[in-house]
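Notes follow once the structure below has been shown.
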Amino acid sequence: MDFSAIYTIARQELVINIRNKWTVIFAVVFGILVVSISYFGIMVEGFSGMQSFTRTSASLLNLVLYIVPLVALIMGTLAFTGDKGSTELLFSQPVSRHEVLLGKLFGVFFSIVLSTLLGFALAGAIIVAGNGPEGLTSYVFFVALSLALALVFLTLSLLVSTASRRKSKAFGVTLFLWFFFVLLYDLLALGGTLLMKGQSANAFLFVSIFGNPVDMVRVATLIILDNITIFGAAGAAMLRFLGGQTTSIVLLITGLLAWVVVPLFLSARMMRRQDI
Amino acid sequence: MKLLNSKTIIYGWLFIAGLSLEAAGQSGSLQALIDKAPPGGRVTVSSGVYSGNIAINKRLSIRGEGWPIIRGDSTTSVVSIQADSCVLEGFIIERSGDNLMHEDAGVFLKGSHSVIRGNQLRDVLFGVYLLEADSNTIEENRITGRRKEDLGQRGSGIHIWNSNYNTFTGNIITEARDGFYIQYAHHTQIERNEVFGLRYGVHYMYADSNAFIRNTFSDNVAGAAIMYSTGITMRHNVFSRNRGFSSFGILFQDCHGMVADSNVISDNVVGMFFEATTDNIFRHNIVAQNDIALQMFQNSTGNVFTENNFIDNISPLSIVGRKTETRWSVNGQGNFWSSYEGYDMNGDGVGDVPMKVQNVFQYLEGRSANLRLYLYSPASQALAAAAKAFPIIEINSEVDGFPLMRPVDLRNMPALRKAKELMRPGETARTGAGAWLAVPLLSATLIGFFCHRITRRGKV
């Protein structure tokens with residue numbers, strides 16, 4: 001594997017994304033949303049001060065869970081189903097298909113990092129200014145988990161784009177994926193838990209978290225932000241099921257990693273066999 | 001420099017030797033002094049270390065000047081008072097025994113009309129132990145338990161057993177098992193105490209007609225656990241920052257006929273927990289920023305909530321079971337709910353749309369507690385929004401028919417001031433707020449510079 005080739009392709013992808021303004025547009029939208037949430041969370045609280053760090057970060061988490069997967073899916077699909085001519089030109093170069101794939105992935109990921117970083121930095125500054133720097137490490141973890149979520153959905157969009165190849169079809173599928181993971185999956189899991197009884201319901205609930213990267217990021221972030229006490233008895237039950245706080249976080253992060261590696265592996269395999 | 005150091009050390013040794021000589025000289029003499037004094041006499045004790053346990057068996061007033069230390073011999077109680085109308089004031093009392101079954105306390109009291117005032121108790125199993133002792137006053141003491149021991153191996157700060165008409169004022173209790181343990185003790189007055197960093201701030205068992213007023217209970221497993229008691233009055237107390245898997249601001253078990261007025265219950269995992277607790281009145285309380293404001297078992301019926309402020313709780317109400325028969329308003333006055341989204345067309349300060357205290361997700365949570373794992377998930381919010389738009393799922397009848405549009409004005413409540421003092425240190429750390437805005441500015445500049453540089457070259 002030629003890393004300089006990957007780097008070159010990644011940089012080209014980044015340049016394209018900056019030039020076609022998607023990065024800037026997302027940066028502005030994300031920044032405005034994030035700043036307004038953190039500002040109103042910190043400054044205008046009626047009973048101000050207590051717990052505002054956790055509460056504000058939790059509201060930010062809410063936004064991240066909606067927006068970041070969407071941004072990642074859209075930018076990913078745009079990048080991975082490139083214009084017909086340019087893709088052919090790229091694949092005709094003396095670089096392997098894996099290198100193209102990885103290069104593009106890194107390029108898009110980095111442009112997402114760029115576009116969200118400003119928003120996160122602004123929100124972090126507002127939180128710290130209003131609340132003191134004590135929660136800063138948890139906040140950094142939260143940002144890292146959000147970026148991990150972006151990476152998961154990027155690889156998913158890569159998989160979809162590789163499989164469907166046509167831009168319109170890929171967009172349709174990715175939008176469905178967004179809807180599925182953000183909303184539908186949780187509703188199904190909720191319903192399933194209510195149908196089952198006792199211990200099996202618990203097991204189903206805890207395992208179902210791992211089937212959805214959005215849930216994994218949500219649970220991991222809440223554990224890191226506020227300790228798991230925010231879930232009350234459910235949190236205690238989950239810790240007992242998974243085996244401790246550190247173990248749960250490690251498990252969740254491993255799960256996220258699997259959600260990156262498996263789609264990546266699948267799409268690499270698919271691409272190797274494709275006739276481009 | 002070296003010379004100076006060795007000199008200091010020598011002087012230091014001399015000093016300590018002198019002190020211990022004095023202590024040795026006086027160790028037996030405090031008990032001797034007490035034995036010598038006539039009943040009803042006054043004994044004034046100057047500073048120094050007095051080793052050995054002390055027993056007082058007649059009416060005496062003993063005052064320490066300059067914090068004399070009574071150092072127990074690590075068995076039984078340091079000071080035992082088994083007489084009426086005694087005064088013990090101004091001592092540092094330390095090193096009790098460690099037998100929970102034998103009431104090893106800093107001050108053991110069995111008698112009436114005594115005053116224990118302004119002492120510091122440290123390294124004691126129980127702080128003050130009242131056994132069949134009526135009408136005593138325990139005030140302005142500072143009680144520190146044994147931090148190194150497990151919670152289960154510690155005693156209570158103030159333990160009250162089968163004792164009535166006692167008053168506890170202005171004590172500070174920490175690192176014990178329970179702050180106050182009160183069993184079979186009626187007509188107790190607990191006022192202006194501060195209890196933090198232990199298991200239960202107050203643990204009531206079978207203790208009726210007690211009042212607790214202006215106390216602060218923070219950073220405990222539970223602020224107060226009130227069990228099997230009737231006719232309790234709670235006013236102007238603060239229950240704050242009691243956090244953990246099963247933590248409560250206040251836990252009520254089998255309590256009836258209680259009045260809770262002007263308390264602040266903030267930043268707890270569960271603000272108030274009710275089991276088999278009926279017919280109590282809650283008015284003018286602030287219940288703010290708890291993960292769950294109220295958690296109720298179905299068997300808690302007939303409680304009344306009026307003119308309380310429920311502010312920024314993640315879930316206002318969680319019911320174990322289907323519904324409680326709680327009255328959420330009295331005479332057209334409900335409560336203020338910060339999550340209320342209705343309107344007030346006629347401007348009478350009462351919302352025109354009834355407030356459903358629970359949303360559908362919280363209702364489902366009551367049926368299967370582990371669903372709380374979906375807290376903050378988009379699905380749970382979507383579900384709540386959908387249920388509001390299309391009320392297909394019939395949820396329970398926990399409805400405040402007269403929700404207030406504005407919070408009840410409780411800004412001048414003394415408990416609120418106290419609660420704000422307890423707020424996380426962040427509140428005071430506003431200085432340098434501007435400096436932090438440099439972070440996004442700096443990152444924006446860097447990102448801009450980076451984008452400009454990488455795109456300007458134009459070629460790859």
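Just so we're on the same page: first chain in the structure tokens is A, next is B, and so on; residues restart at 1 for each chain, and ligands are numbered from 1 in the order they show up.
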
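For region 69-77 of chain A, the list of residues within 8 Å, based on only C-alpha atoms and with local chain neighbours fewer than 3 positions off taken out, reads A:Trp22, A:Phe26, A:Val64, A:Leu65, A:Tyr66, A:Phe80, A:Thr81, A:Leu105, A:Val108, A:Ile112, A:Leu149, A:Ala150, A:Leu151, A:Phe153, A:Leu154, A:Thr155, A:Leu156, A:Ser157, A:Leu158, A:Val160, A:Ser161, A:Lys167, A:Ala170, A:Phe171, A:Thr174, A:Leu175, A:Trp178.
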
Self-check item: Contacts of region 126-137 of chain B at 8 Å (only C-alpha atoms; same-chain gap of 4+ positions) as a count of residues only
Solution: 37

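When CA of Gly211 (chain A) is paired with CA of Leu371 (chain B), their separation reads 16.0 Å.
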
Quiz item: Using only C-alpha atoms, which chain A residues lie at most 6 Å away from chain B, written as a PyMOL selection string?
Solution: chain A and resi 15+49-50+121-122+125+129-132+183+186-187+229+231-232+234

Mind writing the picked residues with N, CA, C and O atoms as a PDB file, in the first residue's frame?
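What landed in out17.pdb:
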ATOM      1  N   VAL A  15      -9.518  19.192  -0.987  1.00  0.00           N
ATOM      2  CA  VAL A  15      -9.565  20.424  -1.782  1.00  0.00           C
ATOM      3  C   VAL A  15     -10.896  20.537  -2.509  1.00  0.00           C
ATOM      4  O   VAL A  15     -11.547  21.592  -2.508  1.00  0.00           O
ATOM      5  N   GLY A  49     -26.695  27.461  36.760  1.00  0.00           N
ATOM      6  CA  GLY A  49     -25.466  26.975  37.378  1.00  0.00           C
ATOM      7  C   GLY A  49     -25.386  25.481  37.565  1.00  0.00           C
ATOM      8  O   GLY A  49     -24.489  24.854  37.048  1.00  0.00           O
ATOM      9  N   MET A  50     -26.340  24.901  38.281  1.00  0.00           N
ATOM     10  CA  MET A  50     -26.184  23.508  38.617  1.00  0.00           C
ATOM     11  C   MET A  50     -26.195  22.642  37.382  1.00  0.00           C
ATOM     12  O   MET A  50     -27.075  22.759  36.561  1.00  0.00           O
ATOM     13  N   ALA A 121     -15.476  23.954  18.859  1.00  0.00           N
ATOM     14  CA  ALA A 121     -14.592  24.856  19.602  1.00  0.00           C
ATOM     15  C   ALA A 121     -15.389  26.004  20.195  1.00  0.00           C
ATOM     16  O   ALA A 121     -15.215  26.371  21.362  1.00  0.00           O
ATOM     17  N   LEU A 122     -16.291  26.568  19.398  1.00  0.00           N
ATOM     18  CA  LEU A 122     -17.131  27.671  19.893  1.00  0.00           C
ATOM     19  C   LEU A 122     -17.966  27.222  21.085  1.00  0.00           C
ATOM     20  O   LEU A 122     -18.000  27.881  22.123  1.00  0.00           O
ATOM     21  N   ALA A 125     -15.889  26.685  24.131  1.00  0.00           N
ATOM     22  CA  ALA A 125     -15.482  27.952  24.746  1.00  0.00           C
ATOM     23  C   ALA A 125     -16.624  28.550  25.545  1.00  0.00           C
ATOM     24  O   ALA A 125     -16.434  29.035  26.665  1.00  0.00           O
ATOM     25  N   ALA A 129     -16.454  29.049  29.441  1.00  0.00           N
ATOM     26  CA  ALA A 129     -16.569  30.419  29.938  1.00  0.00           C
ATOM     27  C   ALA A 129     -17.681  30.521  30.980  1.00  0.00           C
ATOM     28  O   ALA A 129     -17.563  31.237  31.970  1.00  0.00           O
ATOM     29  N   GLY A 130     -18.768  29.793  30.766  1.00  0.00           N
ATOM     30  CA  GLY A 130     -19.881  29.895  31.693  1.00  0.00           C
ATOM     31  C   GLY A 130     -19.750  28.977  32.885  1.00  0.00           C
ATOM     32  O   GLY A 130     -20.378  29.186  33.904  1.00  0.00           O
ATOM     33  N   ASN A 131     -18.942  27.966  32.768  1.00  0.00           N
ATOM     34  CA  ASN A 131     -19.032  26.878  33.747  1.00  0.00           C
ATOM     35  C   ASN A 131     -17.696  26.447  34.317  1.00  0.00           C
ATOM     36  O   ASN A 131     -17.643  25.537  35.113  1.00  0.00           O
ATOM     37  N   GLY A 132     -16.624  27.092  33.886  1.00  0.00           N
ATOM     38  CA  GLY A 132     -15.321  26.684  34.401  1.00  0.00           C
ATOM     39  C   GLY A 132     -14.791  25.480  33.639  1.00  0.00           C
ATOM     40  O   GLY A 132     -15.553  24.750  33.014  1.00  0.00           O
ATOM     41  N   LEU A 183     -34.022   7.065  13.870  1.00  0.00           N
ATOM     42  CA  LEU A 183     -35.373   7.019  14.413  1.00  0.00           C
ATOM     43  C   LEU A 183     -35.948   5.607  14.507  1.00  0.00           C
ATOM     44  O   LEU A 183     -36.330   5.130  15.572  1.00  0.00           O
ATOM     45  N   ASP A 186     -34.546   2.718  16.954  1.00  0.00           N
ATOM     46  CA  ASP A 186     -34.849   2.884  18.374  1.00  0.00           C
ATOM     47  C   ASP A 186     -36.311   2.586  18.665  1.00  0.00           C
ATOM     48  O   ASP A 186     -36.652   1.978  19.681  1.00  0.00           O
ATOM     49  N   LEU A 187     -37.170   3.008  17.750  1.00  0.00           N
ATOM     50  CA  LEU A 187     -38.594   2.743  17.954  1.00  0.00           C
ATOM     51  C   LEU A 187     -38.859   1.241  17.961  1.00  0.00           C
ATOM     52  O   LEU A 187     -39.603   0.727  18.791  1.00  0.00           O
ATOM     53  N   THR A 229     -25.088   7.424  36.199  1.00  0.00           N
ATOM     54  CA  THR A 229     -26.215   7.596  37.115  1.00  0.00           C
ATOM     55  C   THR A 229     -27.408   8.248  36.433  1.00  0.00           C
ATOM     56  O   THR A 229     -28.518   8.141  36.916  1.00  0.00           O
ATOM     57  N   PHE A 231     -28.926   7.359  33.945  1.00  0.00           N
ATOM     58  CA  PHE A 231     -29.904   6.347  33.548  1.00  0.00           C
ATOM     59  C   PHE A 231     -30.588   5.696  34.746  1.00  0.00           C
ATOM     60  O   PHE A 231     -31.410   4.808  34.584  1.00  0.00           O
ATOM     61  N   GLY A 232     -30.170   6.097  35.945  1.00  0.00           N
ATOM     62  CA  GLY A 232     -30.781   5.517  37.145  1.00  0.00           C
ATOM     63  C   GLY A 232     -30.547   4.015  37.220  1.00  0.00           C
ATOM     64  O   GLY A 232     -29.463   3.523  36.885  1.00  0.00           O
ATOM     65  N   ALA A 234     -31.603   1.687  35.401  1.00  0.00           N
ATOM     66  CA  ALA A 234     -31.303   1.070  34.115  1.00  0.00           C
ATOM     67  C   ALA A 234     -29.802   1.066  33.859  1.00  0.00           C
ATOM     68  O   ALA A 234     -29.247   0.105  33.332  1.00  0.00           O
TER      69      ALA A 234
END

Quiz item: Could you state the separation of CA of Val360 (chain B) and CA of Val34 (chain A) in Å, given to one decimal place?
Solution: 27.6 Å

Exercise. From a DSSP calculation on the backbone, collect every residue of region 114-338 of chain B in strand (DSSP E or B) and output the set as a VMD selection string.
Key: chain B and resid 115 to 117 120 to 122 126 to 131 137 to 139 142 to 144 158 to 161 167 to 169 172 to 174 178 to 183 189 to 191 194 to 196 200 to 205 211 to 213 216 to 218 222 to 227 230 233 to 235 238 to 240 248 to 253 256 259 to 261 264 to 266 270 to 275 278 281 to 283 286 to 288 292 to 297 304 to 306 309 to 311 315 to 320 327 330 333 336 to 337

Taking 5 positions as the minimum chain separation for residues in the same chain, which residues sit within 10 Å of Arg214 (chain B) when counting only C-alpha atoms? Answer as a PDB file with C-alpha atoms, in the first residue's frame.
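Final output, result14.pdb:
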ATOM      1  CA  THR B 169     -29.611  23.157  66.272  1.00  0.00           C
ATOM      2  CA  GLY B 170     -26.699  24.292  64.140  1.00  0.00           C
ATOM      3  CA  ILE B 190     -34.039  19.727  64.011  1.00  0.00           C
ATOM      4  CA  GLU B 191     -32.956  23.144  62.902  1.00  0.00           C
ATOM      5  CA  ARG B 192     -30.129  24.791  60.933  1.00  0.00           C
ATOM      6  CA  ASN B 193     -27.937  21.694  60.750  1.00  0.00           C
ATOM      7  CA  GLU B 194     -25.576  20.950  57.885  1.00  0.00           C
ATOM      8  CA  MET B 234     -40.296  20.190  56.781  1.00  0.00           C
ATOM      9  CA  ARG B 235     -39.603  23.800  55.967  1.00  0.00           C
ATOM     10  CA  HIS B 236     -36.770  25.736  54.319  1.00  0.00           C
ATOM     11  CA  ASN B 237     -34.493  22.744  53.948  1.00  0.00           C
ATOM     12  CA  VAL B 238     -32.077  22.137  51.102  1.00  0.00           C
ATOM     13  CA  SER B 262     -40.441  26.077  51.017  1.00  0.00           C
ATOM     14  CA  ASN B 263     -37.769  23.432  50.535  1.00  0.00           C
ATOM     15  CA  PRO B 414     -33.742  31.400  52.490  1.00  0.00           C
ATOM     16  CA  ALA B 415     -33.321  27.839  51.255  1.00  0.00           C
ATOM     17  CA  LYS B 418     -28.371  28.280  50.571  1.00  0.00           C
TER      18      LYS B 418
END

So that I can see what lies close to region 50-63 of chain B, please list as a CSV table (one decimal) with C-alpha atoms, in the first residue's frame the residues with an atom at most 6 Å from it, counting only C-alpha atoms and leaving out residues fewer than 2 positions away in the same chain.
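Produced file result_37.csv, reproduced below:
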chain,number,residue,atom,x,y,z
B,23,ALA,CA,-1.2,15.9,79.5
B,27,SER,CA,-5.1,13.0,82.5
B,31,GLN,CA,-12.4,12.9,86.2
B,39,PRO,CA,-23.8,18.5,92.4
B,40,GLY,CA,-25.0,21.5,90.5
B,41,GLY,CA,-21.5,23.0,90.4
B,42,ARG,CA,-19.5,24.6,87.6
B,43,VAL,CA,-16.2,23.2,86.3
B,44,THR,CA,-14.0,25.2,84.0
B,69,ILE,CA,-9.1,17.9,74.3
B,70,ILE,CA,-10.8,15.0,75.9
B,71,ARG,CA,-9.0,12.0,74.4
B,72,GLY,CA,-10.8,8.7,75.0
B,73,ASP,CA,-9.0,5.4,75.5
B,78,VAL,CA,-15.5,9.2,75.6
B,79,VAL,CA,-18.0,11.2,77.7
B,80,SER,CA,-20.9,9.5,79.3
B,81,ILE,CA,-23.5,11.7,80.9
B,82,GLN,CA,-26.1,9.8,83.0
B,83,ALA,CA,-27.6,12.6,84.9
B,84,ASP,CA,-30.1,15.4,84.3
B,85,SER,CA,-29.5,19.1,83.5
B,86,CYS,CA,-25.8,18.9,82.7
B,87,VAL,CA,-23.9,21.3,80.4
B,88,LEU,CA,-21.0,20.2,78.3
B,89,GLU,CA,-19.4,23.0,76.2
B,90,GLY,CA,-16.3,23.9,74.4

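Between CA of Ile281 (chain B) and CA of Pro354 (chain B) there is a distance of 20.9 Å.
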
Practice problem: For Val399 (chain B), work out the shell of residues within 8 Å, counting only C-alpha atoms and skipping chain neighbours fewer than 5 positions away, then give it as a ChimeraX atom specification. | Solution: /B:328,354-357

Quiz prompt | 7 Å contact set for region 254-263 of chain A, only C-alpha atoms, chain neighbours under 2 positions out, as a ChimeraX atom specification | solution = /A:151-152,155-156,159,210,213,250-252,265-267

Okay, now the selection with N, CA, C and O atoms, as a CSV table (one decimal), in the first residue's frame?
chain,number,residue,atom,x,y,z
A,151,LEU,N,-17.3,9.0,11.2
A,151,LEU,CA,-16.6,8.1,10.5
A,151,LEU,C,-17.4,6.8,10.2
A,151,LEU,O,-17.4,6.3,9.0
A,152,VAL,N,-18.2,6.4,11.1
A,152,VAL,CA,-19.1,5.2,10.9
A,152,VAL,C,-20.0,5.5,9.8
A,152,VAL,O,-20.1,4.6,8.8
A,155,THR,N,-18.3,5.4,6.3
A,155,THR,CA,-18.0,4.1,5.8
A,155,THR,C,-19.3,3.5,5.3
A,155,THR,O,-19.3,2.8,4.3
A,156,LEU,N,-20.4,3.8,6.0
A,156,LEU,CA,-21.7,3.2,5.5
A,156,LEU,C,-22.0,3.8,4.2
A,156,LEU,O,-22.5,3.1,3.3
A,159,LEU,N,-20.0,2.2,1.6
A,159,LEU,CA,-20.6,0.9,1.2
A,159,LEU,C,-21.8,1.0,0.3
A,159,LEU,O,-21.8,0.3,-0.8
A,210,PHE,N,-26.0,-2.2,20.7
A,210,PHE,CA,-24.8,-2.4,19.8
A,210,PHE,C,-25.2,-2.5,18.4
A,210,PHE,O,-24.3,-2.5,17.5
A,213,PRO,N,-25.0,2.4,15.7
A,213,PRO,CA,-23.9,3.3,16.2
A,213,PRO,C,-24.4,4.6,16.8
A,213,PRO,O,-23.7,5.1,17.7
A,250,VAL,N,-15.2,0.6,26.9
A,250,VAL,CA,-14.3,-0.1,25.9
A,250,VAL,C,-15.1,-0.9,24.9
A,250,VAL,O,-14.9,-0.9,23.7
A,251,LEU,N,-16.2,-1.6,25.5
A,251,LEU,CA,-17.0,-2.4,24.6
A,251,LEU,C,-17.7,-1.5,23.5
A,251,LEU,O,-17.8,-1.9,22.3
A,252,LEU,N,-18.2,-0.4,24.0
A,252,LEU,CA,-18.9,0.5,23.1
A,252,LEU,C,-18.0,1.0,22.0
A,252,LEU,O,-18.3,1.1,20.8
A,265,PHE,N,-14.3,-3.0,4.9
A,265,PHE,CA,-13.9,-4.3,4.4
A,265,PHE,C,-14.8,-4.8,3.3
A,265,PHE,O,-14.4,-5.2,2.2
A,266,LEU,N,-16.1,-4.7,3.5
A,266,LEU,CA,-17.1,-5.1,2.5
A,266,LEU,C,-17.0,-4.3,1.3
A,266,LEU,O,-17.0,-4.9,0.2
A,267,SER,N,-16.9,-3.0,1.4
A,267,SER,CA,-16.8,-2.2,0.2
A,267,SER,C,-15.5,-2.4,-0.6
A,267,SER,O,-15.5,-2.4,-1.8

Self-check item: Surrounding residues of Thr137 (chain A) excluding itself and chain neighbours under 6 positions, 12 Å, only C-alpha atoms, as a PyMOL selection string
Solution: chain A and resi 53+124+128+143-144+221+224-225

Got time to write the residues from that selection, all heavy atoms, as an mmCIF file, in the first residue's frame?
data_model
loop_
_atom_site.group_PDB
_atom_site.id
_atom_site.type_symbol
_atom_site.label_atom_id
_atom_site.label_comp_id
_atom_site.auth_asym_id
_atom_site.auth_seq_id
_atom_site.Cartn_x
_atom_site.Cartn_y
_atom_site.Cartn_z
ATOM 1 N N PHE A 53 -23.148 22.099 32.837
ATOM 2 C CA PHE A 53 -22.225 21.490 31.892
ATOM 3 C C PHE A 53 -22.834 20.236 31.278
ATOM 4 O O PHE A 53 -22.913 20.077 30.073
ATOM 5 C CB PHE A 53 -20.895 21.155 32.562
ATOM 6 C CG PHE A 53 -20.063 20.229 31.749
ATOM 7 C CD1 PHE A 53 -19.457 20.691 30.599
ATOM 8 C CD2 PHE A 53 -19.941 18.899 32.073
ATOM 9 C CE1 PHE A 53 -18.716 19.842 29.801
ATOM 10 C CE2 PHE A 53 -19.205 18.045 31.292
ATOM 11 C CZ PHE A 53 -18.594 18.520 30.155
ATOM 12 N N GLY A 124 -17.498 24.676 23.049
ATOM 13 C CA GLY A 124 -16.625 24.381 24.183
ATOM 14 C C GLY A 124 -16.231 25.653 24.905
ATOM 15 O O GLY A 124 -16.260 25.719 26.133
ATOM 16 N N VAL A 128 -17.094 26.451 28.718
ATOM 17 C CA VAL A 128 -16.022 26.673 29.692
ATOM 18 C C VAL A 128 -16.128 28.078 30.284
ATOM 19 O O VAL A 128 -15.970 28.278 31.490
ATOM 20 C CB VAL A 128 -14.651 26.461 29.028
ATOM 21 C CG1 VAL A 128 -13.544 26.959 29.942
ATOM 22 C CG2 VAL A 128 -14.452 24.984 28.744
ATOM 23 N N VAL A 143 -16.458 15.182 21.817
ATOM 24 C CA VAL A 143 -16.146 15.577 20.443
ATOM 25 C C VAL A 143 -15.560 14.392 19.684
ATOM 26 O O VAL A 143 -15.944 14.115 18.534
ATOM 27 C CB VAL A 143 -15.171 16.776 20.435
ATOM 28 C CG1 VAL A 143 -14.710 17.075 19.025
ATOM 29 C CG2 VAL A 143 -15.831 17.994 21.045
ATOM 30 N N ALA A 144 -14.657 13.666 20.345
ATOM 31 C CA ALA A 144 -14.033 12.514 19.689
ATOM 32 C C ALA A 144 -15.080 11.478 19.298
ATOM 33 O O ALA A 144 -15.060 10.941 18.184
ATOM 34 C CB ALA A 144 -12.996 11.891 20.618
ATOM 35 N N THR A 221 -21.396 8.576 25.359
ATOM 36 C CA THR A 221 -21.228 9.981 25.724
ATOM 37 C C THR A 221 -21.880 10.278 27.059
ATOM 38 O O THR A 221 -21.287 10.971 27.896
ATOM 39 C CB THR A 221 -21.865 10.893 24.651
ATOM 40 O OG1 THR A 221 -21.354 10.506 23.389
ATOM 41 C CG2 THR A 221 -21.519 12.339 24.911
ATOM 42 N N ILE A 224 -19.753 9.059 29.830
ATOM 43 C CA ILE A 224 -18.566 9.882 30.060
ATOM 44 C C ILE A 224 -18.945 11.239 30.653
ATOM 45 O O ILE A 224 -18.293 11.749 31.554
ATOM 46 C CB ILE A 224 -17.785 10.045 28.740
ATOM 47 C CG1 ILE A 224 -17.047 8.742 28.435
ATOM 48 C CG2 ILE A 224 -16.798 11.190 28.832
ATOM 49 C CD1 ILE A 224 -16.503 8.669 27.046
ATOM 50 N N LEU A 225 -20.024 11.812 30.179
ATOM 51 C CA LEU A 225 -20.399 13.150 30.636
ATOM 52 C C LEU A 225 -20.858 13.165 32.082
ATOM 53 O O LEU A 225 -20.490 14.030 32.858
ATOM 54 C CB LEU A 225 -21.546 13.696 29.789
ATOM 55 C CG LEU A 225 -21.221 14.204 28.402
ATOM 56 C CD1 LEU A 225 -22.468 14.766 27.775
ATOM 57 C CD2 LEU A 225 -20.157 15.268 28.471
#

Practice problem: Just list the residues in region 78-226 of chain B DSSP gives helix (DSSP H, G or I) on the backbone, as a ChimeraX atom specification. | Solution: /B:100-102,151-153

Those residues you just picked out, can you put them in a file as a PDB file, in the first residue's frame with C-alpha atoms?
ATOM      1  CA  LEU B 100     -21.575  -0.538  67.152  1.00  0.00           C
ATOM      2  CA  MET B 101     -23.557  -2.730  69.546  1.00  0.00           C
ATOM      3  CA  HIS B 102     -22.342  -0.888  72.644  1.00  0.00           C
ATOM      4  CA  LEU B 151     -20.221   3.148  55.589  1.00  0.00           C
ATOM      5  CA  GLY B 152     -21.552   0.082  57.345  1.00  0.00           C
ATOM      6  CA  GLN B 153     -18.860   0.198  60.015  1.00  0.00           C
TER       7      GLN B 153
END
